[in-house]
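Student: This is the content of work_9.cif (mmCIF, C-alpha atoms):
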```cif
data_input
loop_
_atom_site.label_atom_id
_atom_site.label_comp_id
_atom_site.auth_asym_id
_atom_site.auth_seq_id
_atom_site.Cartn_x
_atom_site.Cartn_y
_atom_site.Cartn_z
CA MET A 1 13.32 -68.63 -37.77
CA LEU A 2 11.97 -69.16 -34.24
CA CYS A 3 15.42 -70.27 -33.08
CA HIS A 4 17.04 -67.12 -34.52
CA ARG A 5 14.42 -64.95 -32.83
CA ARG A 6 15.09 -66.58 -29.46
CA VAL A 7 18.81 -65.99 -29.93
CA ARG A 8 18.16 -62.31 -30.71
CA ARG A 9 15.98 -61.99 -27.63
CA TRP A 10 18.61 -63.65 -25.46
CA LEU A 11 21.38 -61.40 -26.80
CA SER A 12 19.24 -58.28 -26.41
CA SER A 13 18.32 -59.22 -22.85
CA ALA A 14 21.92 -60.04 -21.97
CA LEU A 15 23.25 -56.74 -23.33
CA ILE A 16 20.58 -54.60 -21.68
CA SER A 17 20.86 -56.49 -18.39
CA ALA A 18 24.64 -55.94 -18.41
CA ALA A 19 24.14 -52.23 -19.00
CA LEU A 20 21.61 -51.91 -16.21
CA VAL A 21 23.67 -53.97 -13.79
CA SER A 22 26.78 -51.90 -14.49
CA GLY A 23 24.71 -48.79 -13.92
CA ALA A 24 23.39 -50.11 -10.62
CA VAL A 25 26.93 -50.91 -9.52
CA SER A 26 28.20 -47.49 -10.53
CA PHE A 27 25.49 -45.78 -8.51
CA GLY A 28 26.49 -47.65 -5.38
CA ALA A 29 24.51 -48.86 -2.40
CA PRO A 30 20.73 -48.86 -2.15
CA GLN A 31 19.09 -45.56 -1.40
CA VAL A 32 18.44 -44.57 2.18
CA THR A 33 15.14 -42.73 2.04
CA ALA A 34 14.98 -39.35 3.69
CA ALA A 35 11.95 -37.85 5.35
CA PRO A 36 9.61 -36.09 2.93
CA GLY A 37 11.10 -32.83 1.81
CA ASN A 38 14.72 -33.86 2.51
CA THR A 39 16.42 -34.93 -0.70
CA PRO A 40 18.58 -38.08 -0.57
CA PRO A 41 21.87 -38.04 -2.45
CA VAL A 42 20.95 -39.94 -5.60
CA ASN A 43 20.14 -38.69 -9.06
CA THR A 44 18.13 -41.25 -11.00
CA GLY A 45 15.16 -43.51 -10.49
CA SER A 46 17.10 -46.50 -11.70
CA ALA A 47 19.84 -47.52 -9.31
CA ASP A 48 18.66 -48.98 -6.05
CA GLY A 49 17.93 -52.52 -4.93
CA PRO A 50 14.53 -53.71 -3.68
CA GLY A 51 13.51 -54.10 -0.10
CA PRO A 52 11.72 -57.24 1.08
CA ALA A 53 8.43 -58.08 -0.62
CA GLU A 54 5.40 -56.54 1.05
CA PRO A 55 3.55 -59.18 3.08
CA THR A 56 0.03 -59.98 1.95
CA SER A 57 -3.09 -60.72 3.96
CA LYS A 58 -6.80 -61.12 3.38
CA GLN A 59 -8.40 -57.74 2.70
CA PRO A 60 -12.04 -56.61 2.60
CA SER A 61 -13.83 -57.50 -0.62
CA THR A 62 -14.33 -53.79 -1.33
CA PRO A 63 -11.37 -51.37 -1.35
CA ARG A 64 -11.44 -48.69 1.30
CA ILE A 65 -9.28 -46.01 2.87
CA GLU A 66 -8.12 -47.35 6.22
CA ARG A 67 -6.48 -44.21 7.56
CA VAL A 68 -4.90 -40.90 6.62
CA GLU A 69 -1.74 -39.57 8.27
CA PRO A 70 -0.59 -35.97 7.70
CA ILE A 71 2.95 -35.16 6.62
CA ASN A 72 1.83 -31.55 6.73
CA ASP A 73 -1.50 -29.80 6.31
CA ARG A 74 -1.61 -30.44 2.55
CA TRP A 75 0.61 -33.50 2.15
CA LEU A 76 -0.91 -36.75 3.34
CA ARG A 77 -0.12 -40.43 3.61
CA VAL A 78 -3.23 -42.36 2.59
CA PHE A 79 -3.46 -46.07 3.38
CA VAL A 80 -5.79 -48.12 1.19
CA ALA A 81 -6.96 -51.65 1.89
CA SER A 82 -6.64 -53.21 -1.57
CA PRO A 83 -8.28 -56.53 -2.45
CA ALA A 84 -6.24 -56.65 -5.68
CA MET A 85 -2.88 -56.15 -3.95
CA SER A 86 -3.86 -58.29 -0.93
CA ARG A 87 -2.44 -55.71 1.44
CA VAL A 88 -2.76 -52.15 2.63
CA VAL A 89 -1.11 -49.88 0.05
CA GLU A 90 0.21 -46.42 0.83
CA VAL A 91 -0.15 -43.56 -1.61
CA GLN A 92 0.65 -39.94 -0.89
CA VAL A 93 -1.69 -37.08 -1.72
CA LEU A 94 -0.93 -33.40 -2.26
CA LEU A 95 -3.93 -31.09 -1.82
CA PRO A 96 -4.40 -27.61 -3.29
CA ARG A 97 -4.68 -24.44 -1.25
CA ASP A 98 -8.25 -23.90 -2.40
CA GLN A 99 -10.28 -26.96 -1.47
CA SER A 100 -13.68 -25.28 -1.79
CA ARG A 101 -14.66 -26.95 -5.08
CA PRO A 102 -14.13 -30.23 -6.92
CA ARG A 103 -10.90 -30.54 -8.90
CA PRO A 104 -9.01 -32.89 -11.22
CA THR A 105 -6.42 -35.39 -10.06
CA VAL A 106 -2.91 -35.99 -11.35
CA TYR A 107 -1.42 -39.45 -10.75
CA MET A 108 2.40 -39.54 -10.53
CA LEU A 109 4.24 -42.83 -11.18
CA ASP A 110 7.78 -43.38 -9.94
CA GLY A 111 10.82 -44.81 -11.71
CA ARG A 112 12.44 -48.18 -11.25
CA SER A 113 13.86 -47.53 -7.78
CA ALA A 114 10.48 -46.75 -6.18
CA SER A 115 10.99 -46.49 -2.42
CA PRO A 116 8.72 -48.25 0.12
CA ASP A 117 7.88 -45.01 1.91
CA SER A 118 8.23 -42.10 -0.53
CA ASN A 119 8.10 -41.12 -4.20
CA ASN A 120 10.99 -39.67 -6.19
CA TRP A 121 8.70 -37.07 -7.76
CA THR A 122 8.71 -35.29 -4.40
CA GLU A 123 12.06 -36.45 -3.03
CA LEU A 124 14.07 -35.57 -6.15
CA GLY A 125 11.66 -33.78 -8.50
CA HIS A 126 10.21 -31.42 -5.83
CA ALA A 127 6.67 -31.95 -7.09
CA ASP A 128 5.33 -30.74 -3.75
CA ARG A 129 6.77 -27.30 -4.47
CA PHE A 130 5.62 -27.27 -8.07
CA TYR A 131 1.99 -28.14 -7.26
CA ALA A 132 1.78 -25.80 -4.25
CA ASP A 133 -0.20 -23.23 -6.28
CA LYS A 134 -2.00 -25.61 -8.66
CA ASP A 135 -5.72 -26.37 -8.31
CA VAL A 136 -5.40 -30.16 -8.49
CA ASN A 137 -5.15 -33.18 -6.26
CA VAL A 138 -1.89 -35.08 -6.80
CA VAL A 139 -1.62 -38.79 -6.02
CA LEU A 140 1.87 -40.27 -5.77
CA THR A 141 2.55 -43.99 -5.83
CA VAL A 142 4.64 -45.42 -2.99
CA GLY A 143 6.61 -48.60 -3.62
CA GLY A 144 6.39 -50.91 -6.61
CA PRO A 145 10.07 -51.09 -7.62
CA ALA A 146 10.59 -52.68 -11.04
CA SER A 147 6.86 -53.44 -11.23
CA PHE A 148 5.93 -51.31 -14.28
CA TYR A 149 2.79 -50.49 -12.26
CA THR A 150 0.95 -53.24 -14.07
CA ASP A 151 -0.91 -56.43 -13.19
CA TRP A 152 1.50 -59.34 -12.93
CA GLN A 153 0.36 -62.83 -13.78
CA GLN A 154 1.88 -64.27 -10.61
CA ALA A 155 3.19 -63.04 -7.29
CA ASP A 156 6.98 -62.75 -7.24
CA PRO A 157 9.07 -64.10 -4.32
CA VAL A 158 11.15 -60.90 -4.26
CA LEU A 159 8.93 -58.18 -5.74
CA GLY A 160 5.72 -59.45 -4.16
CA THR A 161 2.14 -59.16 -5.37
CA ASN A 162 1.76 -56.60 -8.15
CA LYS A 163 -1.75 -55.80 -9.31
CA TRP A 164 -1.04 -52.15 -9.84
CA GLU A 165 -3.23 -51.59 -12.89
CA THR A 166 -6.28 -52.84 -11.02
CA PHE A 167 -5.33 -50.82 -7.94
CA LEU A 168 -4.52 -47.58 -9.77
CA ALA A 169 -7.28 -47.70 -12.36
CA LYS A 170 -10.18 -49.45 -10.60
CA GLU A 171 -9.81 -49.35 -6.84
CA LEU A 172 -8.09 -46.05 -6.10
CA PRO A 173 -9.74 -43.31 -8.23
CA PRO A 174 -13.25 -43.60 -6.72
CA LEU A 175 -11.77 -43.48 -3.22
CA ILE A 176 -9.63 -40.42 -4.02
CA ASP A 177 -12.54 -38.59 -5.66
CA ALA A 178 -14.89 -39.33 -2.76
CA LYS A 179 -12.42 -38.49 0.01
CA PHE A 180 -10.69 -35.50 -1.58
CA ASP A 181 -13.41 -34.01 -3.78
CA GLY A 182 -12.06 -35.11 -7.14
CA ASN A 183 -14.18 -34.25 -10.16
CA GLY A 184 -13.48 -37.40 -12.16
CA THR A 185 -11.00 -35.81 -14.59
CA ASN A 186 -7.52 -37.34 -14.40
CA ALA A 187 -4.02 -37.10 -15.80
CA VAL A 188 -1.18 -39.58 -15.35
CA MET A 189 2.55 -38.84 -15.45
CA GLY A 190 5.59 -41.06 -15.20
CA VAL A 191 9.34 -41.09 -15.54
CA SER A 192 11.61 -43.85 -16.85
CA MET A 193 9.85 -47.12 -15.93
CA GLY A 194 6.88 -45.04 -14.83
CA ALA A 195 6.72 -43.35 -18.23
CA GLU A 196 6.06 -46.67 -19.94
CA ALA A 197 3.62 -47.57 -17.16
CA ALA A 198 1.72 -44.29 -17.59
CA MET A 199 1.32 -44.86 -21.32
CA MET A 200 0.26 -48.48 -20.76
CA LEU A 201 -2.38 -47.41 -18.27
CA ALA A 202 -3.60 -44.71 -20.64
CA PHE A 203 -4.25 -47.00 -23.61
CA ARG A 204 -5.53 -49.89 -21.52
CA GLN A 205 -7.91 -47.67 -19.53
CA PRO A 206 -9.23 -45.50 -22.37
CA THR A 207 -11.80 -43.51 -20.38
CA LEU A 208 -9.77 -42.81 -17.24
CA TYR A 209 -7.12 -40.27 -18.25
CA ALA A 210 -7.58 -37.11 -20.29
CA ALA A 211 -3.84 -36.37 -20.43
CA ILE A 212 -0.51 -38.19 -20.15
CA ALA A 213 3.05 -36.97 -19.65
CA ALA A 214 5.83 -39.53 -20.12
CA HIS A 215 9.50 -38.67 -19.66
CA SER A 216 12.46 -40.80 -20.78
CA GLY A 217 10.58 -44.04 -21.30
CA CYS A 218 10.48 -47.00 -23.69
CA PHE A 219 7.15 -48.03 -25.13
CA SER A 220 7.44 -51.21 -27.21
CA MET A 221 7.25 -54.19 -24.87
CA GLY A 222 6.10 -56.48 -27.65
CA THR A 223 9.35 -56.16 -29.61
CA ASP A 224 12.47 -58.19 -28.88
CA ILE A 225 14.41 -55.17 -27.64
CA GLY A 226 11.44 -53.77 -25.70
CA GLN A 227 10.79 -57.02 -23.94
CA ALA A 228 14.50 -57.45 -23.21
CA GLN A 229 14.57 -53.98 -21.65
CA ALA A 230 11.56 -54.75 -19.44
CA ARG A 231 12.94 -58.13 -18.43
CA ALA A 232 16.27 -56.52 -17.56
CA VAL A 233 14.56 -53.99 -15.29
CA VAL A 234 12.79 -56.78 -13.41
CA ALA A 235 15.84 -59.08 -13.32
CA THR A 236 18.22 -56.43 -12.00
CA TYR A 237 15.87 -56.06 -9.06
CA MET A 238 16.06 -59.82 -8.50
CA GLY A 239 12.53 -60.45 -9.74
CA GLU A 240 11.52 -63.19 -12.16
CA PRO A 241 10.39 -61.55 -15.43
CA ASP A 242 8.13 -64.46 -16.37
CA ASN A 243 6.00 -63.61 -13.35
CA MET A 244 5.01 -60.33 -14.99
CA PHE A 245 3.70 -61.27 -18.45
CA GLY A 246 4.75 -64.89 -18.82
CA LYS A 247 7.21 -66.56 -21.14
CA GLN A 248 8.72 -64.68 -24.07
CA ASP A 249 5.99 -65.71 -26.51
CA ASP A 250 3.09 -65.02 -24.15
CA PRO A 251 0.60 -62.66 -25.89
CA ALA A 252 0.48 -60.51 -22.73
CA TRP A 253 3.71 -58.82 -23.86
CA LEU A 254 2.03 -57.64 -27.04
CA ALA A 255 -1.10 -56.67 -25.09
CA HIS A 256 0.98 -54.12 -23.14
CA ASP A 257 2.88 -52.68 -26.11
CA VAL A 258 2.09 -48.95 -26.30
CA THR A 259 3.41 -48.45 -29.82
CA LEU A 260 1.38 -51.38 -31.13
CA HIS A 261 -1.80 -50.04 -29.52
CA ALA A 262 -1.08 -46.36 -30.12
CA ASP A 263 -4.42 -45.78 -31.83
CA ALA A 264 -6.11 -46.31 -28.44
CA LEU A 265 -4.50 -43.02 -27.34
CA ARG A 266 -6.50 -41.01 -29.86
CA GLY A 267 -8.32 -38.09 -28.27
CA LYS A 268 -5.95 -37.77 -25.31
CA THR A 269 -3.49 -34.97 -24.68
CA ILE A 270 0.03 -36.40 -24.79
CA TYR A 271 3.37 -34.89 -23.77
CA LEU A 272 6.58 -36.86 -24.38
CA SER A 273 10.08 -35.77 -23.45
CA VAL A 274 13.60 -37.17 -23.57
CA GLY A 275 17.20 -36.01 -23.73
CA SER A 276 19.87 -37.06 -26.20
CA GLY A 277 22.23 -38.64 -23.67
CA LEU A 278 24.90 -36.01 -24.21
CA PRO A 279 25.94 -34.12 -21.07
CA GLY A 280 23.80 -31.06 -20.57
CA VAL A 281 23.14 -28.15 -18.27
CA HIS A 282 22.68 -30.35 -15.18
CA ASP A 283 25.64 -32.63 -15.91
CA VAL A 284 28.24 -30.34 -14.39
CA PRO A 285 30.25 -30.46 -11.16
CA GLY A 286 28.35 -29.20 -8.18
CA THR A 287 24.84 -30.01 -9.37
CA PRO A 288 22.89 -31.14 -6.27
CA ASN A 289 22.06 -34.85 -6.08
CA VAL A 290 23.97 -35.73 -9.24
CA ASP A 291 26.80 -38.26 -9.22
CA LEU A 292 28.48 -36.81 -12.29
CA PRO A 293 30.58 -39.80 -13.45
CA SER A 294 27.59 -42.11 -13.14
CA ALA A 295 25.21 -39.66 -14.78
CA ILE A 296 27.46 -39.48 -17.82
CA THR A 297 28.68 -43.09 -18.10
CA PHE A 298 25.36 -44.76 -17.22
CA GLY A 299 22.68 -42.11 -17.52
CA GLY A 300 23.98 -40.90 -20.87
CA PRO A 301 23.70 -44.19 -22.79
CA LEU A 302 20.43 -45.02 -21.03
CA GLU A 303 18.91 -41.71 -22.09
CA ALA A 304 20.18 -42.19 -25.65
CA ALA A 305 18.33 -45.52 -25.70
CA THR A 306 15.11 -43.96 -24.41
CA ASN A 307 15.52 -41.24 -27.02
CA ALA A 308 15.24 -43.89 -29.73
CA CYS A 309 12.24 -45.42 -27.94
CA THR A 310 10.49 -42.06 -27.69
CA ARG A 311 11.18 -41.20 -31.31
CA ARG A 312 9.67 -44.50 -32.40
CA LEU A 313 6.46 -43.84 -30.47
CA THR A 314 6.33 -40.22 -31.66
CA ASP A 315 6.65 -41.33 -35.28
CA ARG A 316 3.92 -43.92 -34.78
CA LEU A 317 1.49 -41.45 -33.20
CA ARG A 318 2.08 -38.89 -35.92
CA SER A 319 1.61 -41.50 -38.63
CA LEU A 320 -1.82 -42.17 -37.12
CA GLY A 321 -2.68 -38.47 -37.12
CA ILE A 322 -2.70 -38.29 -33.32
CA PRO A 323 -1.50 -34.87 -32.12
CA ILE A 324 1.24 -34.85 -29.49
CA THR A 325 3.69 -32.46 -27.91
CA ALA A 326 7.20 -33.95 -28.00
CA HIS A 327 10.25 -32.31 -26.46
CA PHE A 328 13.50 -33.82 -27.71
CA ARG A 329 16.26 -32.07 -25.81
CA ALA A 330 19.60 -31.71 -27.60
CA THR A 331 21.43 -32.73 -24.42
CA GLY A 332 20.63 -34.33 -21.07
CA THR A 333 21.14 -37.63 -19.27
CA HIS A 334 18.74 -40.02 -17.54
CA SER A 335 18.55 -38.06 -14.30
CA TRP A 336 16.13 -36.24 -12.05
CA PRO A 337 17.14 -32.60 -12.61
CA TYR A 338 15.90 -32.90 -16.20
CA TRP A 339 12.64 -34.54 -15.14
CA GLU A 340 12.05 -31.80 -12.60
CA ASP A 341 12.42 -29.34 -15.48
CA GLU A 342 9.98 -31.36 -17.58
CA LEU A 343 7.34 -31.26 -14.87
CA ALA A 344 7.12 -27.51 -15.39
CA LEU A 345 7.58 -27.66 -19.17
CA SER A 346 4.79 -30.19 -19.60
CA TRP A 347 2.26 -28.36 -17.45
CA PRO A 348 1.05 -25.85 -20.10
CA THR A 349 0.12 -28.87 -22.22
CA ILE A 350 -1.43 -30.97 -19.44
CA ALA A 351 -3.29 -28.30 -17.46
CA PRO A 352 -5.83 -27.23 -20.14
CA ALA A 353 -6.63 -30.85 -20.93
CA ILE A 354 -7.84 -31.40 -17.36
CA GLY A 355 -9.56 -28.04 -17.04
CA VAL A 356 -6.96 -26.16 -15.01
CA ARG A 357 -6.15 -22.56 -15.87
#
```
Would you mind writing the file's structure down as structure tokens?
Tutor:
Amino acid sequence: MLCHRRVRRWLSSALISAALVSGAVSFGAPQVTAAPGNTPPVNTGSADGPGPAEPTSKQPSTPRIERVEPINDRWLRVFVASPAMSRVVEVQVLLPRDQSRPRPTVYMLDGRSASPDSNNWTELGHADRFYADKDVNVVLTVGGPASFYTDWQQADPVLGTNKWETFLAKELPPLIDAKFDGNGTNAVMGVSMGAEAAMMLAFRQPTLYAAIAAHSGCFSMGTDIGQAQARAVVATYMGEPDNMFGKQDDPAWLAHDVTLHADALRGKTIYLSVGSGLPGVHDVPGTPNVDLPSAITFGGPLEAATNACTRRLTDRLRSLGIPITAHFRATGTHSWPYWEDELALSWPTIAPAIGVR
């Protein structure tokens, strides 16, 4: 039985890895990151290769903000000395127009191709425009490609030191609230890899987030297919998957399975979205930042797979009597124009949960 299970895992991993590799090839060379506000010509968070691992160094025993650099008057680069990450970590912060009173904070997690100096939520999803009139702080991760924004068991020679859960859930929120007048109420949102990461953070940090929005993700790392998918993401970025949660039978894989631990999400406001994989309104010639052949041949099957993942989690949550809002689009590929749409569509669900009118 164990032998058959290992064969299934190997076959699953091989098939998913092949699909992801072919997708990476079809999307072409690694992304060249534009300055904030200038959109680079790519359409998904899943195509680009990693840069060199961030160097580590001894940090203060207590996390602290080292410096803040303005991109503009309400868009900031914030550099945090992180003991967990053993380096200075950049995040970007969007501030509201009205900064006269404390406000909630929305944390935005990137997809697999997370850039070392920007976040696709602003570069491709135009989150800076969307939040311009919203009374919230927005914190955007920078870097962490193929990391799942989680705590890895070991540093990786290519992907570096990843202690993202500790950084995002323990070290960063008190600093953000103190520096930028946060009121302690938080939401977390993610897309693709970041969708699974957002849901993992939400169930593993049960008091931190009042609301979660997860778009086009998979949520069952403890299953053979779910683990194969996660391993493929790491492997196609030249990382060693065992460095994340250990060997295939390590219990850490089950400990990060959202569907298995879905009951821990009770009481939170949850918004899930996904397309069907069929070409949709944005999969037409002339759509900005969309490589149409790649969006259809790679992004279509990938979105169909995440549709099945999302349906499985939705069914599980509903079987537990946990209310959710789920948007299953009849069309749409695994690409940023749809996720930009979902940012706006999810807001009427997320905003009341964090006290925003």
Student: Please write as number ranges by chain the full residue list that the PyMOL selection byres ((chain A and resi 305) around 12) yields on this file.
Tutor: A: 16, 19-20, 192, 216-219, 225-226, 229, 274-278, 298-304, 306-312, 333-334
Student: How would the residues just chosen look if you wrote them out with C-alpha atoms as a PDB file, in the coordinates of the input?
Tutor:
```
ATOM      1  CA  ILE A  16      20.580 -54.600 -21.680  1.00  0.00           C
ATOM      2  CA  ALA A  19      24.140 -52.230 -19.000  1.00  0.00           C
ATOM      3  CA  LEU A  20      21.610 -51.910 -16.210  1.00  0.00           C
ATOM      4  CA  SER A 192      11.610 -43.850 -16.850  1.00  0.00           C
ATOM      5  CA  SER A 216      12.460 -40.800 -20.780  1.00  0.00           C
ATOM      6  CA  GLY A 217      10.580 -44.040 -21.300  1.00  0.00           C
ATOM      7  CA  CYS A 218      10.480 -47.000 -23.690  1.00  0.00           C
ATOM      8  CA  PHE A 219       7.150 -48.030 -25.130  1.00  0.00           C
ATOM      9  CA  ILE A 225      14.410 -55.170 -27.640  1.00  0.00           C
ATOM     10  CA  GLY A 226      11.440 -53.770 -25.700  1.00  0.00           C
ATOM     11  CA  GLN A 229      14.570 -53.980 -21.650  1.00  0.00           C
ATOM     12  CA  VAL A 274      13.600 -37.170 -23.570  1.00  0.00           C
ATOM     13  CA  GLY A 275      17.200 -36.010 -23.730  1.00  0.00           C
ATOM     14  CA  SER A 276      19.870 -37.060 -26.200  1.00  0.00           C
ATOM     15  CA  GLY A 277      22.230 -38.640 -23.670  1.00  0.00           C
ATOM     16  CA  LEU A 278      24.900 -36.010 -24.210  1.00  0.00           C
ATOM     17  CA  PHE A 298      25.360 -44.760 -17.220  1.00  0.00           C
ATOM     18  CA  GLY A 299      22.680 -42.110 -17.520  1.00  0.00           C
ATOM     19  CA  GLY A 300      23.980 -40.900 -20.870  1.00  0.00           C
ATOM     20  CA  PRO A 301      23.700 -44.190 -22.790  1.00  0.00           C
ATOM     21  CA  LEU A 302      20.430 -45.020 -21.030  1.00  0.00           C
ATOM     22  CA  GLU A 303      18.910 -41.710 -22.090  1.00  0.00           C
ATOM     23  CA  ALA A 304      20.180 -42.190 -25.650  1.00  0.00           C
ATOM     24  CA  THR A 306      15.110 -43.960 -24.410  1.00  0.00           C
ATOM     25  CA  ASN A 307      15.520 -41.240 -27.020  1.00  0.00           C
ATOM     26  CA  ALA A 308      15.240 -43.890 -29.730  1.00  0.00           C
ATOM     27  CA  CYS A 309      12.240 -45.420 -27.940  1.00  0.00           C
ATOM     28  CA  THR A 310      10.490 -42.060 -27.690  1.00  0.00           C
ATOM     29  CA  ARG A 311      11.180 -41.200 -31.310  1.00  0.00           C
ATOM     30  CA  ARG A 312       9.670 -44.500 -32.400  1.00  0.00           C
ATOM     31  CA  THR A 333      21.140 -37.630 -19.270  1.00  0.00           C
ATOM     32  CA  HIS A 334      18.740 -40.020 -17.540  1.00  0.00           C
TER      33      HIS A 334
END
```
Student: Between A:Leu265, A:Leu76, A:Ala235, A:Ala155, single out the one closest to Met200 of chain A, counting all atoms listed in the file.
Tutor: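 Closest candidate: A:Leu265.
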Student: Of the candidates A:Phe148, A:Trp347, A:Phe245, A:Phe167, which shows the shortest atom-to-atom distance to Val233 of chain A, using all atoms listed in the file?
Tutor: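 The shortest atom-to-atom distance to Val233 of chain A comes from A:Phe148.
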Student: Would you mind listing what lies within 12 Å of Ala127 of chain A as a PyMOL selection string, with all atoms listed in the file counted and same-chain residues fewer than 3 positions away left out?
Tutor: chain A and resi 36-37+75+92-95+106-110+119-124+130-134+137-140+189+336-337+339-344+347
Student: Considering all atoms listed in the file, state which residue in the set A:Pro60, A:Gly111, A:Pro323, A:Gly286 is at the smallest distance from Thr349 of chain A.
Tutor: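 That would be A:Pro323, the residue with the smallest distance to Thr349 of chain A.
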Student: What separation in Å, quoted to one decimal, exists between atom CA of Asn162 of chain A and atom CA of Ile350 of chain A?
Tutor: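 Distance between the two atoms: 28.2 Å.
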Student: Going by the chain IDs and residue numbers used in this file, which residues fall under the PyMOL selection byres ((chain A and resi 325) around 7)? Write them as a PyMOL selection string.
Tutor: chain A and resi 270-272+324+326-327
